[in-house]
Amino acid sequence: MEINLQLKSLADKITQLKSKIDTEESTKHAFVLPFIHALGYDAFNPLEVVPEFTADLGLKKGEKVDYAIFQNGEPIIIVECKSWKENLTVHNSQLFRYFHVTKTRFALLTNGINYQFFTDLDDQNKMDEKPFLEFDITNLKENTISEISKFHKSSFNVDNIISNASSLKYIKEIKKQINAELENPSNDFTKLFASKVYTGRLTEKVMDEFKDLVQKSVSQYINERINDRLNAALTKETIKQQEEQAASPEEESKIYTSEEELEGYRIIVAILRQKLPTSRIVYRDTQSYFGILLDDNNRKPLCRLHLNGGKKYISLFNDNKNETKTAISSIDDIYQFGKELLDTVGLYETE
C-alpha cells in the first residue's frame, strides 16, 4: 500500500480510537508503531526498530529513548513518545541528550497525532530547538506527505533530507509570519502598502486606518483567488456536463442547474478540501436532485441537494450508504454538516 493511503488509514484509525486510548504505552502501540510501519520499517525486527534504546551519557547511565530506527547497523532516527493527550515540548527532552551521543541526524518527538522532526541545522551535532518538519497526522496536506515519504526505508537518504530541511524550516517560519501579519498587520507590513497608494504623510491615525484596510484587502484577495480556482474547476465541469447533455439532448433538456445549486457545491468543496483535492469532488445534476459524488462515481455519493422545490433539503449517507434527508432553511446551513460530509469521505477511502 502506498504511504499516502497508509497515512490516511492511520489518521482514520486515530480519529476512531483516540477516546479509548488512555496511556503513553497504548499511544505507542496504537498510533506510533503503525506510523513507523508506514515508513517501511519492521517494528518487530530488532535490527530495524529498537525499543527502549539506551546510549550511556557520561556518568548518567541507563537512560532510554522510546525507539531507535536503524539502517545498516546505525541509528538513523531516535523517537520519543508522549501520550496523545499531552502537548509536545522539546525542552528537557531526552532527545537533546541522546542526539549528540549517537550518529543519528534526525530525532522525532510525537504524541501519535502531532509529529515534530528535528535535525542539527543551527549547530552541528546539537539538536535544533525548533523542528524543521511538523504536522498533525489527522490533517495532512499533499506536500507534507511528500516530505514524510523521504523518511521511508526505500528512499531514505540523509543528504537529500538535510539539504531540504533548511528550506522547510524557513518556509514554516515564514508561513507563521504571514499568518501573524494577516491576523494583525504590523506597522512595517502596513507601511509597505500604504506608502504605495497614499500620497500624504503617514501619521499614526492614517496608519491605524490602513491597518484595517490592508487586512481587508489581503483577505479579499485570498478569497478571490480561491473563488477563481473554484470557478475554473466549475467551468471545466460545466463543459463536461454540456458535452454529456449534447450526447443525449432529449434526456438532459429538462435539467436546469441553478446558481444556488452551484453555490451549494462550492460550499461542499470548501468543506471537503480538508481531505480531498477539488478534482475528486464532482457534481451531477438530475431532475430529482443535485448530486455530489466522489471521483465522479455514482456508487460513491457524498450528498444530494434538493433546492429547486418549495422547501430545501440536504441528503447525507450513513455507514450503510442509506440516505437521510434533512430540511435546511438556506444553503448556508450546509456548513452545519461538515463533520458528516468528512465522515462520508472516510467511509469510501477505507473501502
# chains A, B, ... in the order shown; residues from 1 in each chain; ligands from 1
>>> residues_around(residues="Phe31 of chain A", least_positions_apart="3", cutoff="7 Å", atoms="only C-alpha atoms", output="PyMOL selection string")
chain A and resi 14+27-28+34-35+112
>>> write_last_selection(atoms="N, CA and C atoms", output="PDB file, in the first residue's frame")
ATOM      1  N   ILE A  14      -6.952   6.743  14.128  1.00  0.00           N
ATOM      2  CA  ILE A  14      -6.725   7.606  15.285  1.00  0.00           C
ATOM      3  C   ILE A  14      -8.007   8.330  15.674  1.00  0.00           C
ATOM      4  N   THR A  27      -0.664   4.588  23.413  1.00  0.00           N
ATOM      5  CA  THR A  27      -0.435   5.517  22.304  1.00  0.00           C
ATOM      6  C   THR A  27       0.665   4.987  21.390  1.00  0.00           C
ATOM      7  N   LYS A  28       1.742   4.492  22.005  1.00  0.00           N
ATOM      8  CA  LYS A  28       2.847   3.936  21.217  1.00  0.00           C
ATOM      9  C   LYS A  28       2.369   2.800  20.316  1.00  0.00           C
ATOM     10  N   PRO A  34       2.339   1.984  14.198  1.00  0.00           N
ATOM     11  CA  PRO A  34       1.796   1.951  12.829  1.00  0.00           C
ATOM     12  C   PRO A  34       2.396   3.032  11.927  1.00  0.00           C
ATOM     13  N   PHE A  35       2.751   4.188  12.506  1.00  0.00           N
ATOM     14  CA  PHE A  35       3.406   5.227  11.709  1.00  0.00           C
ATOM     15  C   PHE A  35       4.792   4.753  11.262  1.00  0.00           C
ATOM     16  N   GLY A 112       1.773  10.714  18.783  1.00  0.00           N
ATOM     17  CA  GLY A 112       0.977   9.829  17.940  1.00  0.00           C
ATOM     18  C   GLY A 112       0.044  10.569  17.005  1.00  0.00           C
TER      19      GLY A 112
END
>>> select_by_dssp(residues="segment 192-351 of chain A", states="strand (DSSP E)", output="list in words")
Ile281, Val282, Tyr283, Arg284, Asp285, Phe290, Gly291, Ile292, Leu293, Leu294, Pro301, Leu302, Cys303, Arg304, Leu305, His306, Lys312, Tyr313, Ile314, Ser315, Leu316, Phe317, Glu323, Thr324, Lys325, Thr326, Ala327 and Ile328 of chain A
>>> closest_residue(among="A:Leu108, A:Leu88, A:Met127, A:Leu5", to="Ile69 of chain A", atoms="only C-alpha atoms")
A:Leu108
>>> residues_around(residues="Ile76 of chain A", least_positions_apart="3", cutoff="8 Å", atoms="only C-alpha atoms", output="list of chain:residue names")
A:Ala68, A:Ile69, A:Phe70, A:Gln71, A:Lys103, A:Thr104, A:Arg105, A:Phe106
>>> write_last_selection(atoms="C-alpha atoms", output="PDB file, in the first residue's frame")
ATOM      1  CA  ALA A  68      15.595   3.998  17.608  1.00  0.00           C
ATOM      2  CA  ILE A  69      15.194   3.199  13.917  1.00  0.00           C
ATOM      3  CA  PHE A  70      18.301   1.529  12.463  1.00  0.00           C
ATOM      4  CA  GLN A  71      19.735   1.210   8.985  1.00  0.00           C
ATOM      5  CA  LYS A 103      25.336   9.024  14.948  1.00  0.00           C
ATOM      6  CA  THR A 104      21.780   9.922  14.026  1.00  0.00           C
ATOM      7  CA  ARG A 105      20.952  13.179  12.239  1.00  0.00           C
ATOM      8  CA  PHE A 106      17.231  13.023  12.966  1.00  0.00           C
TER       9      PHE A 106
END
>>> residues_around(residues="Phe53 of chain A", least_positions_apart="5", cutoff="12 Å", atoms="only C-alpha atoms", output="mmCIF file with C-alpha atoms, in the first residue's frame")
data_model
loop_
_atom_site.group_PDB
_atom_site.id
_atom_site.type_symbol
_atom_site.label_atom_id
_atom_site.label_comp_id
_atom_site.auth_asym_id
_atom_site.auth_seq_id
_atom_site.Cartn_x
_atom_site.Cartn_y
_atom_site.Cartn_z
ATOM 1 C CA PRO A 46 15.300 -5.628 16.418
ATOM 2 C CA LEU A 47 17.777 -4.889 13.618
ATOM 3 C CA GLU A 48 15.444 -2.154 12.335
ATOM 4 C CA GLY A 62 20.730 3.665 31.660
ATOM 5 C CA GLU A 63 18.621 6.495 30.238
ATOM 6 C CA LYS A 64 16.399 5.341 27.417
ATOM 7 C CA VAL A 65 14.663 6.843 24.423
ATOM 8 C CA ASP A 66 11.458 5.102 23.319
ATOM 9 C CA TYR A 67 12.590 3.882 19.892
ATOM 10 C CA ALA A 68 15.595 3.998 17.608
ATOM 11 C CA ILE A 69 15.194 3.199 13.917
ATOM 12 C CA PHE A 70 18.301 1.529 12.463
ATOM 13 C CA PRO A 75 20.552 4.564 14.331
ATOM 14 C CA ILE A 77 16.105 8.270 13.741
ATOM 15 C CA ILE A 78 15.547 8.358 17.501
ATOM 16 C CA VAL A 79 11.958 8.646 18.672
ATOM 17 C CA GLU A 80 10.495 9.969 21.917
ATOM 18 C CA GLN A 94 15.900 13.150 26.313
ATOM 19 C CA LEU A 95 16.185 13.693 22.571
ATOM 20 C CA TYR A 98 20.759 11.424 23.040
ATOM 21 C CA THR A 102 24.525 8.814 18.632
#
>>> closest_residue(among="A:Asn87, A:Arg266, A:Leu316, A:Leu140", to="Ala232 of chain A", atoms="only C-alpha atoms")
A:Arg266
>>> closest_residue(among="A:Glu2, A:Lys275, A:Asp343, A:Phe44", to="Ser146 of chain A", atoms="only C-alpha atoms")
A:Glu2
>>> residues_around(residues="Gln6 of chain A", least_positions_apart="6", cutoff="12 Å", atoms="only C-alpha atoms", output="JSON, numbers by chain")
{"A": [12, 13, 34, 35, 36, 37, 38, 39, 40, 137, 145, 148, 149, 349, 350]}
>>> atom_distance(atom1="atom CA of Pro277 of chain A", atom2="atom CA of Phe135 of chain A")
18.5 Å
>>> select_by_dssp(residues="segment 165-299 of chain A", states="helix (DSSP H, G or I)", output="count of residues only")
95
>>> closest_residue(among="A:Asp212, A:Asp159, A:Glu86, A:Glu129", to="Glu183 of chain A", atoms="only C-alpha atoms")
A:Asp212
>>> atom_distance(atom1="atom CA of Ser167 of chain A", atom2="atom CA of Leu7 of chain A")
23.7 Å
>>> residues_around(residues="Lys300 of chain A", least_positions_apart="4", cutoff="9 Å", atoms="only C-alpha atoms", output="list of chain:residue names")
A:Ile292, A:Leu293, A:Leu294, A:Asp295, A:Asp296, A:Lys321, A:Val345, A:Tyr348
>>> closest_residue(among="A:Gln241, A:Arg299, A:Thr326, A:Trp84", to="Leu17 of chain A", atoms="only C-alpha atoms")
A:Trp84
>>> closest_residue(among="A:Ile239, A:Gln16, A:Ser288, A:Ile314", to="Tyr265 of chain A", atoms="only C-alpha atoms")
A:Ile314
